[in-house]
Structures are given as C-alpha cells and as structure tokens.
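Below: my_file_22.txt (compact mmCIF, N, CA and C atoms)
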# COMPACT_ATOMS: atom_id res chain seq x y z
N MET G 1 19.91 5.06 15.04
CA MET G 1 19.37 5.11 13.70
C MET G 1 18.61 6.42 13.54
N VAL G 2 18.79 7.08 12.43
CA VAL G 2 18.11 8.33 12.15
C VAL G 2 16.93 8.04 11.23
N PHE G 3 15.75 8.52 11.62
CA PHE G 3 14.57 8.33 10.79
C PHE G 3 14.31 9.60 10.01
N HIS G 4 14.02 9.45 8.75
CA HIS G 4 13.72 10.58 7.88
C HIS G 4 12.21 10.65 7.69
N SER G 5 11.74 11.79 7.29
CA SER G 5 10.32 11.92 7.00
C SER G 5 9.99 11.09 5.77
N ARG G 6 8.71 10.76 5.63
CA ARG G 6 8.27 9.99 4.46
C ARG G 6 8.54 10.77 3.18
N ARG G 7 8.45 12.09 3.25
CA ARG G 7 8.71 12.92 2.08
C ARG G 7 10.17 12.77 1.64
N GLU G 8 11.08 12.72 2.60
CA GLU G 8 12.50 12.55 2.27
C GLU G 8 12.79 11.14 1.79
N GLN G 9 12.02 10.16 2.28
CA GLN G 9 12.27 8.78 1.93
C GLN G 9 11.71 8.40 0.56
N ALA G 10 10.70 9.11 0.09
CA ALA G 10 10.01 8.71 -1.14
C ALA G 10 10.95 8.50 -2.33
N PRO G 11 11.89 9.42 -2.64
CA PRO G 11 12.78 9.17 -3.78
C PRO G 11 13.65 7.92 -3.59
N GLN G 12 14.10 7.70 -2.37
CA GLN G 12 14.91 6.51 -2.08
C GLN G 12 14.05 5.25 -2.24
N TRP G 13 12.82 5.29 -1.73
CA TRP G 13 11.92 4.14 -1.87
C TRP G 13 11.65 3.85 -3.34
N ARG G 14 11.43 4.90 -4.13
CA ARG G 14 11.14 4.73 -5.55
C ARG G 14 12.31 4.00 -6.23
N GLN G 15 13.54 4.41 -5.92
CA GLN G 15 14.73 3.76 -6.49
C GLN G 15 14.79 2.30 -6.07
N GLN G 16 14.53 2.02 -4.79
CA GLN G 16 14.54 0.64 -4.30
C GLN G 16 13.50 -0.21 -5.03
N LEU G 17 12.30 0.34 -5.16
CA LEU G 17 11.22 -0.39 -5.81
C LEU G 17 11.57 -0.70 -7.27
N LEU G 18 12.15 0.27 -7.95
CA LEU G 18 12.53 0.04 -9.34
C LEU G 18 13.64 -1.00 -9.45
N ALA G 19 14.59 -0.96 -8.51
CA ALA G 19 15.68 -1.94 -8.51
C ALA G 19 15.17 -3.34 -8.19
N GLN G 20 14.12 -3.44 -7.38
CA GLN G 20 13.58 -4.74 -6.96
C GLN G 20 12.42 -5.20 -7.83
N ARG G 21 12.10 -4.44 -8.83
CA ARG G 21 10.91 -4.69 -9.66
C ARG G 21 10.78 -6.15 -10.09
N ASN G 22 11.87 -6.80 -10.44
CA ASN G 22 11.79 -8.19 -10.89
C ASN G 22 11.52 -9.16 -9.75
N GLU G 23 11.79 -8.74 -8.53
CA GLU G 23 11.49 -9.57 -7.36
C GLU G 23 10.06 -9.39 -6.89
N LEU G 24 9.39 -8.38 -7.40
CA LEU G 24 8.05 -8.01 -6.93
C LEU G 24 6.99 -8.47 -7.93
N ARG G 25 6.99 -9.76 -8.19
CA ARG G 25 6.06 -10.32 -9.15
C ARG G 25 5.01 -11.21 -8.51
N GLY G 26 5.15 -11.45 -7.21
CA GLY G 26 4.27 -12.39 -6.54
C GLY G 26 2.89 -11.85 -6.24
N GLY G 27 1.95 -12.76 -6.20
CA GLY G 27 0.58 -12.40 -5.87
C GLY G 27 0.46 -11.83 -4.47
N SER G 28 1.31 -12.27 -3.55
CA SER G 28 1.22 -11.74 -2.18
C SER G 28 1.61 -10.27 -2.15
N PHE G 29 2.60 -9.87 -2.95
CA PHE G 29 2.98 -8.46 -3.04
C PHE G 29 1.83 -7.65 -3.64
N ARG G 30 1.28 -8.15 -4.72
CA ARG G 30 0.16 -7.47 -5.38
C ARG G 30 -1.02 -7.29 -4.41
N ASP G 31 -1.40 -8.37 -3.74
CA ASP G 31 -2.55 -8.32 -2.84
C ASP G 31 -2.30 -7.42 -1.63
N ALA G 32 -1.08 -7.50 -1.07
CA ALA G 32 -0.75 -6.66 0.08
C ALA G 32 -0.75 -5.19 -0.29
N THR G 33 -0.20 -4.87 -1.45
CA THR G 33 -0.15 -3.47 -1.89
C THR G 33 -1.56 -2.93 -2.11
N MET G 34 -2.41 -3.69 -2.79
CA MET G 34 -3.78 -3.23 -3.03
C MET G 34 -4.56 -3.14 -1.72
N GLY G 35 -4.24 -4.02 -0.78
CA GLY G 35 -4.88 -3.96 0.54
C GLY G 35 -4.49 -2.72 1.31
N ILE G 36 -3.21 -2.39 1.30
CA ILE G 36 -2.74 -1.20 2.01
C ILE G 36 -3.34 0.06 1.37
N CYS G 37 -3.38 0.10 0.06
CA CYS G 37 -3.98 1.25 -0.62
C CYS G 37 -5.45 1.42 -0.20
N ALA G 38 -6.18 0.32 -0.12
CA ALA G 38 -7.59 0.38 0.29
C ALA G 38 -7.72 0.81 1.75
N LEU G 39 -6.86 0.28 2.62
CA LEU G 39 -6.90 0.69 4.04
C LEU G 39 -6.69 2.18 4.19
N ILE G 40 -5.72 2.70 3.45
CA ILE G 40 -5.44 4.14 3.52
C ILE G 40 -6.63 4.92 2.98
N ALA G 41 -7.19 4.47 1.88
CA ALA G 41 -8.34 5.16 1.28
C ALA G 41 -9.53 5.20 2.23
N ALA G 42 -9.69 4.16 3.03
CA ALA G 42 -10.85 4.05 3.92
C ALA G 42 -10.55 4.49 5.35
N ALA G 43 -9.38 4.98 5.60
CA ALA G 43 -8.94 5.25 6.98
C ALA G 43 -9.84 6.22 7.74
N ASP G 44 -10.41 7.19 7.05
CA ASP G 44 -11.24 8.17 7.75
C ASP G 44 -12.70 7.74 7.84
N GLY G 45 -12.99 6.51 7.45
CA GLY G 45 -14.34 5.98 7.57
C GLY G 45 -15.17 6.09 6.31
N ALA G 46 -14.69 6.82 5.32
CA ALA G 46 -15.40 6.96 4.04
C ALA G 46 -14.36 7.02 2.93
N ILE G 47 -14.72 6.47 1.80
CA ILE G 47 -13.80 6.49 0.67
C ILE G 47 -14.31 7.53 -0.32
N ASP G 48 -13.58 8.62 -0.44
CA ASP G 48 -13.94 9.70 -1.34
C ASP G 48 -13.81 9.21 -2.78
N PRO G 49 -14.87 9.33 -3.58
CA PRO G 49 -14.82 8.84 -4.96
C PRO G 49 -13.69 9.44 -5.80
N ALA G 50 -13.40 10.72 -5.59
CA ALA G 50 -12.32 11.36 -6.37
C ALA G 50 -10.97 10.76 -5.99
N ASP G 51 -10.73 10.56 -4.69
CA ASP G 51 -9.48 9.94 -4.25
C ASP G 51 -9.39 8.50 -4.75
N ARG G 52 -10.52 7.81 -4.71
CA ARG G 52 -10.56 6.41 -5.17
C ARG G 52 -10.16 6.34 -6.64
N THR G 53 -10.66 7.26 -7.44
CA THR G 53 -10.32 7.31 -8.86
C THR G 53 -8.84 7.63 -9.05
N ARG G 54 -8.34 8.63 -8.31
CA ARG G 54 -6.91 8.99 -8.43
C ARG G 54 -6.01 7.85 -8.03
N VAL G 55 -6.35 7.16 -6.93
CA VAL G 55 -5.53 6.02 -6.49
C VAL G 55 -5.56 4.93 -7.56
N ALA G 56 -6.72 4.64 -8.11
CA ALA G 56 -6.82 3.62 -9.16
C ALA G 56 -5.95 3.99 -10.37
N GLN G 57 -5.92 5.28 -10.72
CA GLN G 57 -5.07 5.73 -11.84
C GLN G 57 -3.59 5.56 -11.50
N LEU G 58 -3.21 5.92 -10.28
CA LEU G 58 -1.81 5.78 -9.87
C LEU G 58 -1.38 4.32 -9.85
N ILE G 59 -2.27 3.46 -9.39
CA ILE G 59 -1.98 2.03 -9.35
C ILE G 59 -1.65 1.54 -10.75
N GLY G 60 -2.45 1.94 -11.72
CA GLY G 60 -2.24 1.49 -13.09
C GLY G 60 -0.99 2.05 -13.74
N ALA G 61 -0.53 3.19 -13.26
CA ALA G 61 0.62 3.85 -13.87
C ALA G 61 1.95 3.56 -13.17
N ASP G 62 1.91 2.94 -12.01
CA ASP G 62 3.14 2.76 -11.24
C ASP G 62 4.03 1.68 -11.84
N THR G 63 5.29 2.03 -12.09
CA THR G 63 6.23 1.09 -12.73
C THR G 63 6.56 -0.11 -11.86
N ALA G 64 6.46 0.02 -10.54
CA ALA G 64 6.75 -1.11 -9.66
C ALA G 64 5.67 -2.19 -9.78
N LEU G 65 4.53 -1.82 -10.34
CA LEU G 65 3.43 -2.78 -10.50
C LEU G 65 3.24 -3.22 -11.96
N GLN G 66 4.20 -2.90 -12.81
CA GLN G 66 4.05 -3.14 -14.24
C GLN G 66 3.92 -4.61 -14.62
N HIS G 67 4.32 -5.52 -13.74
CA HIS G 67 4.22 -6.95 -14.04
C HIS G 67 2.79 -7.47 -13.96
N PHE G 68 1.90 -6.66 -13.42
CA PHE G 68 0.52 -7.08 -13.24
C PHE G 68 -0.40 -6.32 -14.20
N PRO G 69 -1.41 -6.99 -14.72
CA PRO G 69 -2.36 -6.29 -15.59
C PRO G 69 -3.05 -5.16 -14.81
N THR G 70 -3.14 -4.01 -15.42
CA THR G 70 -3.73 -2.83 -14.79
C THR G 70 -5.15 -3.10 -14.32
N ASP G 71 -5.94 -3.74 -15.15
CA ASP G 71 -7.33 -4.02 -14.78
C ASP G 71 -7.40 -4.92 -13.54
N GLU G 72 -6.50 -5.87 -13.46
CA GLU G 72 -6.46 -6.77 -12.30
C GLU G 72 -6.17 -5.98 -11.02
N LEU G 73 -5.19 -5.08 -11.09
CA LEU G 73 -4.85 -4.25 -9.92
C LEU G 73 -6.02 -3.38 -9.50
N ARG G 74 -6.60 -2.71 -10.47
CA ARG G 74 -7.73 -1.82 -10.16
C ARG G 74 -8.90 -2.61 -9.59
N ASN G 75 -9.16 -3.78 -10.16
CA ASN G 75 -10.25 -4.61 -9.65
C ASN G 75 -10.01 -5.05 -8.21
N LEU G 76 -8.77 -5.42 -7.89
CA LEU G 76 -8.45 -5.80 -6.51
C LEU G 76 -8.63 -4.62 -5.56
N PHE G 77 -8.14 -3.46 -5.96
CA PHE G 77 -8.29 -2.26 -5.14
C PHE G 77 -9.77 -1.94 -4.95
N GLU G 78 -10.53 -1.94 -6.03
CA GLU G 78 -11.97 -1.64 -5.96
C GLU G 78 -12.70 -2.66 -5.11
N ASP G 79 -12.36 -3.93 -5.25
CA ASP G 79 -12.99 -4.98 -4.45
C ASP G 79 -12.71 -4.76 -2.96
N ASN G 80 -11.47 -4.44 -2.63
CA ASN G 80 -11.13 -4.17 -1.23
C ASN G 80 -11.91 -2.97 -0.70
N CYS G 81 -11.97 -1.91 -1.48
CA CYS G 81 -12.72 -0.71 -1.06
C CYS G 81 -14.19 -1.03 -0.86
N THR G 82 -14.76 -1.79 -1.78
CA THR G 82 -16.18 -2.15 -1.68
C THR G 82 -16.44 -3.00 -0.44
N ARG G 83 -15.57 -3.95 -0.17
CA ARG G 83 -15.74 -4.80 1.02
C ARG G 83 -15.70 -3.96 2.30
N ILE G 84 -14.77 -3.03 2.36
CA ILE G 84 -14.64 -2.18 3.55
C ILE G 84 -15.87 -1.28 3.68
N THR G 85 -16.37 -0.78 2.57
CA THR G 85 -17.53 0.12 2.59
C THR G 85 -18.81 -0.61 3.00
N LEU G 86 -19.03 -1.78 2.42
CA LEU G 86 -20.27 -2.51 2.68
C LEU G 86 -20.34 -3.10 4.09
N ASP G 87 -19.23 -3.59 4.59
CA ASP G 87 -19.18 -4.20 5.92
C ASP G 87 -17.81 -3.87 6.51
N PRO G 88 -17.69 -2.72 7.18
CA PRO G 88 -16.37 -2.25 7.64
C PRO G 88 -15.57 -3.28 8.45
N ALA G 89 -16.19 -3.96 9.38
CA ALA G 89 -15.44 -4.91 10.22
C ALA G 89 -14.98 -6.11 9.40
N PHE G 90 -15.91 -6.74 8.69
CA PHE G 90 -15.55 -7.90 7.89
C PHE G 90 -14.62 -7.52 6.75
N GLY G 91 -14.93 -6.40 6.08
CA GLY G 91 -14.10 -5.95 4.96
C GLY G 91 -12.67 -5.68 5.39
N ARG G 92 -12.54 -5.01 6.54
CA ARG G 92 -11.19 -4.72 7.05
C ARG G 92 -10.45 -6.01 7.41
N ALA G 93 -11.15 -6.95 8.02
CA ALA G 93 -10.53 -8.24 8.36
C ALA G 93 -10.07 -8.96 7.09
N TYR G 94 -10.89 -8.93 6.06
CA TYR G 94 -10.54 -9.55 4.78
C TYR G 94 -9.28 -8.90 4.20
N VAL G 95 -9.26 -7.57 4.19
CA VAL G 95 -8.12 -6.84 3.63
C VAL G 95 -6.86 -7.10 4.44
N MET G 96 -6.99 -7.15 5.76
CA MET G 96 -5.82 -7.43 6.61
C MET G 96 -5.26 -8.83 6.32
N ALA G 97 -6.14 -9.79 6.04
CA ALA G 97 -5.68 -11.14 5.67
C ALA G 97 -4.94 -11.10 4.34
N GLN G 98 -5.41 -10.29 3.40
CA GLN G 98 -4.72 -10.14 2.12
C GLN G 98 -3.32 -9.55 2.33
N ILE G 99 -3.24 -8.56 3.19
CA ILE G 99 -1.96 -7.91 3.48
C ILE G 99 -1.01 -8.91 4.13
N ALA G 100 -1.51 -9.67 5.07
CA ALA G 100 -0.67 -10.61 5.83
C ALA G 100 -0.06 -11.70 4.95
N GLU G 101 -0.61 -11.92 3.76
CA GLU G 101 -0.04 -12.94 2.86
C GLU G 101 1.42 -12.66 2.51
N ALA G 102 1.84 -11.41 2.56
CA ALA G 102 3.21 -11.05 2.20
C ALA G 102 4.19 -11.19 3.37
N THR G 103 3.72 -11.64 4.51
CA THR G 103 4.57 -11.75 5.70
C THR G 103 5.80 -12.62 5.47
N GLY G 104 5.68 -13.66 4.68
CA GLY G 104 6.78 -14.60 4.47
C GLY G 104 7.90 -14.08 3.58
N ASN G 105 7.71 -12.93 2.95
CA ASN G 105 8.72 -12.40 2.04
C ASN G 105 9.00 -10.95 2.44
N ALA G 106 10.13 -10.73 3.12
CA ALA G 106 10.45 -9.41 3.66
C ALA G 106 10.56 -8.35 2.57
N VAL G 107 11.11 -8.70 1.42
CA VAL G 107 11.24 -7.73 0.32
C VAL G 107 9.86 -7.29 -0.15
N GLU G 108 8.96 -8.24 -0.37
CA GLU G 108 7.61 -7.91 -0.81
C GLU G 108 6.86 -7.13 0.26
N ALA G 109 7.00 -7.53 1.51
CA ALA G 109 6.29 -6.86 2.60
C ALA G 109 6.70 -5.40 2.71
N ARG G 110 8.01 -5.15 2.72
CA ARG G 110 8.49 -3.76 2.81
C ARG G 110 8.08 -2.95 1.58
N ALA G 111 8.19 -3.56 0.42
CA ALA G 111 7.82 -2.86 -0.81
C ALA G 111 6.34 -2.52 -0.82
N ALA G 112 5.50 -3.43 -0.32
CA ALA G 112 4.05 -3.17 -0.28
C ALA G 112 3.75 -1.97 0.61
N VAL G 113 4.41 -1.88 1.76
CA VAL G 113 4.19 -0.75 2.66
C VAL G 113 4.69 0.54 2.00
N GLN G 114 5.88 0.51 1.44
CA GLN G 114 6.42 1.70 0.80
C GLN G 114 5.52 2.19 -0.33
N LEU G 115 5.13 1.28 -1.19
CA LEU G 115 4.30 1.65 -2.32
C LEU G 115 2.92 2.10 -1.85
N GLY G 116 2.38 1.43 -0.86
CA GLY G 116 1.09 1.84 -0.30
C GLY G 116 1.13 3.25 0.24
N ILE G 117 2.21 3.59 0.93
CA ILE G 117 2.37 4.95 1.47
C ILE G 117 2.48 5.96 0.34
N MET G 118 3.30 5.66 -0.65
CA MET G 118 3.50 6.62 -1.75
C MET G 118 2.21 6.83 -2.54
N ILE G 119 1.49 5.76 -2.83
CA ILE G 119 0.24 5.89 -3.56
C ILE G 119 -0.82 6.53 -2.66
N GLY G 120 -0.81 6.17 -1.40
CA GLY G 120 -1.80 6.71 -0.46
C GLY G 120 -1.69 8.19 -0.20
N LYS G 121 -0.56 8.78 -0.55
CA LYS G 121 -0.36 10.21 -0.33
C LYS G 121 -0.90 11.03 -1.51
N VAL G 122 -1.85 10.47 -2.25
CA VAL G 122 -2.39 11.13 -3.43
C VAL G 122 -2.97 12.50 -3.11
N ASP G 123 -3.49 12.68 -1.91
CA ASP G 123 -4.11 13.96 -1.54
C ASP G 123 -3.23 14.75 -0.57
N GLY G 124 -1.94 14.52 -0.59
CA GLY G 124 -1.02 15.20 0.32
C GLY G 124 -0.35 14.18 1.22
N ASP G 125 0.13 14.62 2.36
CA ASP G 125 0.77 13.69 3.28
C ASP G 125 -0.30 12.89 4.01
N LEU G 126 0.10 11.80 4.62
CA LEU G 126 -0.83 10.95 5.35
C LEU G 126 -1.28 11.65 6.63
N ASP G 127 -2.59 11.56 6.92
CA ASP G 127 -3.09 12.13 8.17
C ASP G 127 -2.99 11.06 9.26
N ALA G 128 -3.40 11.41 10.47
CA ALA G 128 -3.25 10.51 11.62
C ALA G 128 -3.99 9.19 11.42
N GLN G 129 -5.19 9.23 10.84
CA GLN G 129 -5.95 8.00 10.61
C GLN G 129 -5.28 7.11 9.56
N GLU G 130 -4.74 7.73 8.53
CA GLU G 130 -4.04 6.97 7.49
C GLU G 130 -2.76 6.35 8.04
N ILE G 131 -2.06 7.09 8.88
CA ILE G 131 -0.85 6.56 9.51
C ILE G 131 -1.20 5.36 10.39
N ALA G 132 -2.31 5.46 11.13
CA ALA G 132 -2.75 4.34 11.97
C ALA G 132 -3.06 3.11 11.12
N ALA G 133 -3.68 3.32 9.94
CA ALA G 133 -3.98 2.21 9.05
C ALA G 133 -2.70 1.54 8.55
N VAL G 134 -1.70 2.34 8.21
CA VAL G 134 -0.43 1.76 7.74
C VAL G 134 0.28 1.04 8.90
N ARG G 135 0.19 1.59 10.08
CA ARG G 135 0.78 0.90 11.24
C ARG G 135 0.13 -0.47 11.44
N ASP G 136 -1.19 -0.54 11.29
CA ASP G 136 -1.89 -1.82 11.39
C ASP G 136 -1.37 -2.80 10.33
N ALA G 137 -1.17 -2.30 9.13
CA ALA G 137 -0.63 -3.15 8.06
C ALA G 137 0.78 -3.63 8.42
N CYS G 138 1.58 -2.73 8.97
CA CYS G 138 2.93 -3.10 9.39
C CYS G 138 2.89 -4.22 10.43
N ARG G 139 1.99 -4.10 11.40
CA ARG G 139 1.86 -5.15 12.42
C ARG G 139 1.47 -6.48 11.77
N ALA G 140 0.55 -6.44 10.81
CA ALA G 140 0.13 -7.66 10.12
C ALA G 140 1.30 -8.29 9.37
N LEU G 141 2.22 -7.45 8.90
CA LEU G 141 3.38 -7.92 8.14
C LEU G 141 4.60 -8.17 9.02
N ARG G 142 4.44 -7.93 10.32
CA ARG G 142 5.52 -8.10 11.30
C ARG G 142 6.71 -7.18 10.99
N LEU G 143 6.37 -5.93 10.63
CA LEU G 143 7.39 -4.90 10.34
C LEU G 143 7.25 -3.79 11.37
N ASP G 144 8.35 -3.11 11.66
CA ASP G 144 8.35 -1.98 12.58
C ASP G 144 7.92 -0.73 11.83
N PRO G 145 6.82 -0.10 12.25
CA PRO G 145 6.36 1.11 11.55
C PRO G 145 7.40 2.23 11.52
N GLN G 146 8.28 2.27 12.50
CA GLN G 146 9.32 3.32 12.53
C GLN G 146 10.26 3.21 11.33
N GLU G 147 10.38 2.03 10.78
CA GLU G 147 11.20 1.82 9.59
C GLU G 147 10.69 2.69 8.42
N PHE G 148 9.41 3.03 8.46
CA PHE G 148 8.78 3.81 7.40
C PHE G 148 8.46 5.24 7.84
N GLY G 149 9.06 5.66 8.94
CA GLY G 149 8.85 7.02 9.44
C GLY G 149 7.50 7.21 10.10
N LEU G 150 6.90 6.14 10.57
CA LEU G 150 5.58 6.21 11.22
C LEU G 150 5.70 6.07 12.73
Is it possible to express this structure as structure tokens?
Amino acid sequence: MVFHSRREQAPQWRQQLLAQRNELRGGSFRDATMGICALIAAADGAIDPADRTRVAQLIGADTALQHFPTDELRNLFEDNCTRITLDPAFGRAYVMAQIAEATGNAVEARAAVQLGIMIGKVDGDLDAQEIAAVRDACRALRLDPQEFGL
C-alpha cells in the first residue's frame, strides 16, 4: 500500500466527506470531530486564541458539518478547549471519551479524523505534537494512523 502525504490526501478526503455528508449526521461524528479539533488545538500545551478563533470559523463554514447548527459545533469545540485548558488531564480524558463514541461507526470515525486533520491544519501542516494527538484519537477510534499518513 502506498501512503500519500496529508497534503495530497486532502482533496480526496474532501470529496469523500462531501459524498458521505448524509451519513455524517450522528452525534458521535459531531462530538468526535470537535474533540479531535480541540486535541489538535491543545497539542502544544496551550491553545492560541487566534488559532482557536480560526478553527471555530472553519468549523462553522465546513460543508461536511452543515447538518449541525454552527453555534452547537462552536460551543462543543469551545467547551472541549476550556476543559483541556482548565484541567489538562481530566479535560483530555473527557475529550478522548467524546472521540471514542464514534468507534462503532467506521464511516463516522474515519471522517472525524480526516476532518479533524484538515481543520487542524489551519496554521500550516501538523507539527509533531499535533500528529501525536491525532494518533491518540486514532487509537481511541481503533483506526490505524498510517491510513491518514501519520
């Protein structure tokens, strides 16, 4: 199997997400995606307010998430970020539990990782800490990180 870089995969992932949009209506997909976005945002130990704002804007504008109210998505993302900031260990455990809810649905689980990576790259490509956070999410979802070029 040949693995492509995340940059090469992004257009293909976007097409998949748009094609699966009607299958991605579940709360577990929503929660897992917002959890992964928060993990990536907090990966370096601090959540930059400018990045937090940009991620929140991207979340609201993403067509794969159009089935969910924008305010609901932003509130979930903000809640996850706040939990991680206030109590890193407990907050991270809470977010990982949110992510793990999508384990039972392979389509939702893969889509959450793909979308989390694409949104998480708001400030460029993922750094080593962000990649480690996505790998943790993949383990929680019982997915192979190599499937996503990690």
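Here atom N of Asp127 of chain G stands at a distance of 17.6 Å from atom C of Thr53 of chain G.
One finds atom C of Leu115 of chain G at 16.9 Å from atom C of Ala50 of chain G.
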Atom CA of Asp71 of chain G and atom CA of Asp44 of chain G, how far apart in Å?
25.9 Å
Contact residues around Ala132 of chain G with all atoms listed in the file at 8 Å, ignoring same-chain residues under 5 positions, as a PDB file with N, CA and C atoms, keeping the file's coordinate frame:
ATOM      1  N   LEU G  39      -6.860   0.280   2.620  1.00  0.00           N
ATOM      2  CA  LEU G  39      -6.900   0.690   4.040  1.00  0.00           C
ATOM      3  C   LEU G  39      -6.690   2.180   4.190  1.00  0.00           C
ATOM      4  N   ALA G  43      -9.380   4.980   5.600  1.00  0.00           N
ATOM      5  CA  ALA G  43      -8.940   5.250   6.980  1.00  0.00           C
ATOM      6  C   ALA G  43      -9.840   6.220   7.740  1.00  0.00           C
ATOM      7  N   LEU G 126       0.100  11.800   4.620  1.00  0.00           N
ATOM      8  CA  LEU G 126      -0.830  10.950   5.350  1.00  0.00           C
ATOM      9  C   LEU G 126      -1.280  11.650   6.630  1.00  0.00           C
ATOM     10  N   ASP G 127      -2.590  11.560   6.920  1.00  0.00           N
ATOM     11  CA  ASP G 127      -3.090  12.130   8.170  1.00  0.00           C
ATOM     12  C   ASP G 127      -2.990  11.060   9.260  1.00  0.00           C
ATOM     13  N   ALA G 137      -1.170  -2.300   9.130  1.00  0.00           N
ATOM     14  CA  ALA G 137      -0.630  -3.150   8.060  1.00  0.00           C
ATOM     15  C   ALA G 137       0.780  -3.630   8.420  1.00  0.00           C
ATOM     16  N   CYS G 138       1.580  -2.730   8.970  1.00  0.00           N
ATOM     17  CA  CYS G 138       2.930  -3.100   9.390  1.00  0.00           C
ATOM     18  C   CYS G 138       2.890  -4.220  10.430  1.00  0.00           C
ATOM     19  N   LEU G 150       6.900   6.140  10.570  1.00  0.00           N
ATOM     20  CA  LEU G 150       5.580   6.210  11.220  1.00  0.00           C
ATOM     21  C   LEU G 150       5.700   6.070  12.730  1.00  0.00           C
TER      22      LEU G 150
END
Counting only C-alpha atoms, which residue out of G:Ala140, G:Ala38, G:Leu86, G:Ala64 sits closest to Ala111 of chain G?
G:Ala64
Which of these, G:Ile99, G:Ile40, G:Leu17, G:Met34, has the shortest distance to Ala133 of chain G once you count all atoms listed in the file?
G:Ile40
Can you pull out the residues contacting Arg30 of chain G? Cut-off 8 Å, using only N, CA and C atoms, and skip same-chain residues under 5 positions away; I want them as a PDB file with N, CA and C atoms, in the coordinates of the input.
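And here is the file that came out, result-v8.pdb:
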ATOM      1  N   LEU G  24       9.390  -8.380  -7.400  1.00  0.00           N
ATOM      2  CA  LEU G  24       8.050  -8.010  -6.930  1.00  0.00           C
ATOM      3  C   LEU G  24       6.990  -8.470  -7.930  1.00  0.00           C
ATOM      4  N   ARG G  25       6.990  -9.760  -8.190  1.00  0.00           N
ATOM      5  CA  ARG G  25       6.060 -10.320  -9.150  1.00  0.00           C
ATOM      6  C   ARG G  25       5.010 -11.210  -8.510  1.00  0.00           C
ATOM      7  N   GLY G  35      -4.240  -4.020  -0.780  1.00  0.00           N
ATOM      8  CA  GLY G  35      -4.880  -3.960   0.540  1.00  0.00           C
ATOM      9  C   GLY G  35      -4.490  -2.720   1.310  1.00  0.00           C
ATOM     10  N   ILE G  36      -3.210  -2.390   1.300  1.00  0.00           N
ATOM     11  CA  ILE G  36      -2.740  -1.200   2.010  1.00  0.00           C
ATOM     12  C   ILE G  36      -3.340   0.060   1.370  1.00  0.00           C
ATOM     13  N   LEU G  65       4.530  -1.820 -10.340  1.00  0.00           N
ATOM     14  CA  LEU G  65       3.430  -2.780 -10.500  1.00  0.00           C
ATOM     15  C   LEU G  65       3.240  -3.220 -11.960  1.00  0.00           C
ATOM     16  N   PHE G  68       1.900  -6.660 -13.420  1.00  0.00           N
ATOM     17  CA  PHE G  68       0.520  -7.080 -13.240  1.00  0.00           C
ATOM     18  C   PHE G  68      -0.400  -6.320 -14.200  1.00  0.00           C
ATOM     19  N   LEU G  73      -5.190  -5.080 -11.090  1.00  0.00           N
ATOM     20  CA  LEU G  73      -4.850  -4.250  -9.920  1.00  0.00           C
ATOM     21  C   LEU G  73      -6.020  -3.380  -9.500  1.00  0.00           C
ATOM     22  N   LEU G  76      -8.770  -5.420  -7.890  1.00  0.00           N
ATOM     23  CA  LEU G  76      -8.450  -5.800  -6.510  1.00  0.00           C
ATOM     24  C   LEU G  76      -8.630  -4.620  -5.560  1.00  0.00           C
ATOM     25  N   GLN G  98      -5.410 -10.290   3.400  1.00  0.00           N
ATOM     26  CA  GLN G  98      -4.720 -10.140   2.120  1.00  0.00           C
ATOM     27  C   GLN G  98      -3.320  -9.550   2.330  1.00  0.00           C
ATOM     28  N   ILE G  99      -3.240  -8.560   3.190  1.00  0.00           N
ATOM     29  CA  ILE G  99      -1.960  -7.910   3.480  1.00  0.00           C
ATOM     30  C   ILE G  99      -1.010  -8.910   4.130  1.00  0.00           C
ATOM     31  N   ALA G 102       1.840 -11.410   2.560  1.00  0.00           N
ATOM     32  CA  ALA G 102       3.210 -11.050   2.200  1.00  0.00           C
ATOM     33  C   ALA G 102       4.190 -11.190   3.370  1.00  0.00           C
ATOM     34  N   GLU G 108       8.960  -8.240  -0.370  1.00  0.00           N
ATOM     35  CA  GLU G 108       7.610  -7.910  -0.810  1.00  0.00           C
ATOM     36  C   GLU G 108       6.860  -7.130   0.260  1.00  0.00           C
ATOM     37  N   ALA G 112       5.500  -3.430  -0.320  1.00  0.00           N
ATOM     38  CA  ALA G 112       4.050  -3.170  -0.280  1.00  0.00           C
ATOM     39  C   ALA G 112       3.750  -1.970   0.610  1.00  0.00           C
TER      40      ALA G 112
END
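The shortest atom-to-atom distance to Ile47 of chain G, with all atoms listed in the file taken into account, belongs to G:Thr85 out of G:Gln66, G:Gln114, G:Thr85, G:Gln9.
Considering only C-alpha atoms, the residue among G:Val134, G:Ala56, G:Ala100, G:Ala128 positioned nearest to Asp79 of chain G is G:Ala56.
Of the residues listed (G:Cys81, G:Asp87, G:Leu18, G:Glu23), G:Glu23 shows the shortest atom-to-atom separation from Val107 of chain G; distances use all atoms listed in the file.
The shortest atom-to-atom distance to Thr33 of chain G, with only N, CA and C atoms taken into account, belongs to G:Phe77 out of G:Arg142, G:Phe77, G:Asp62, G:Arg135.
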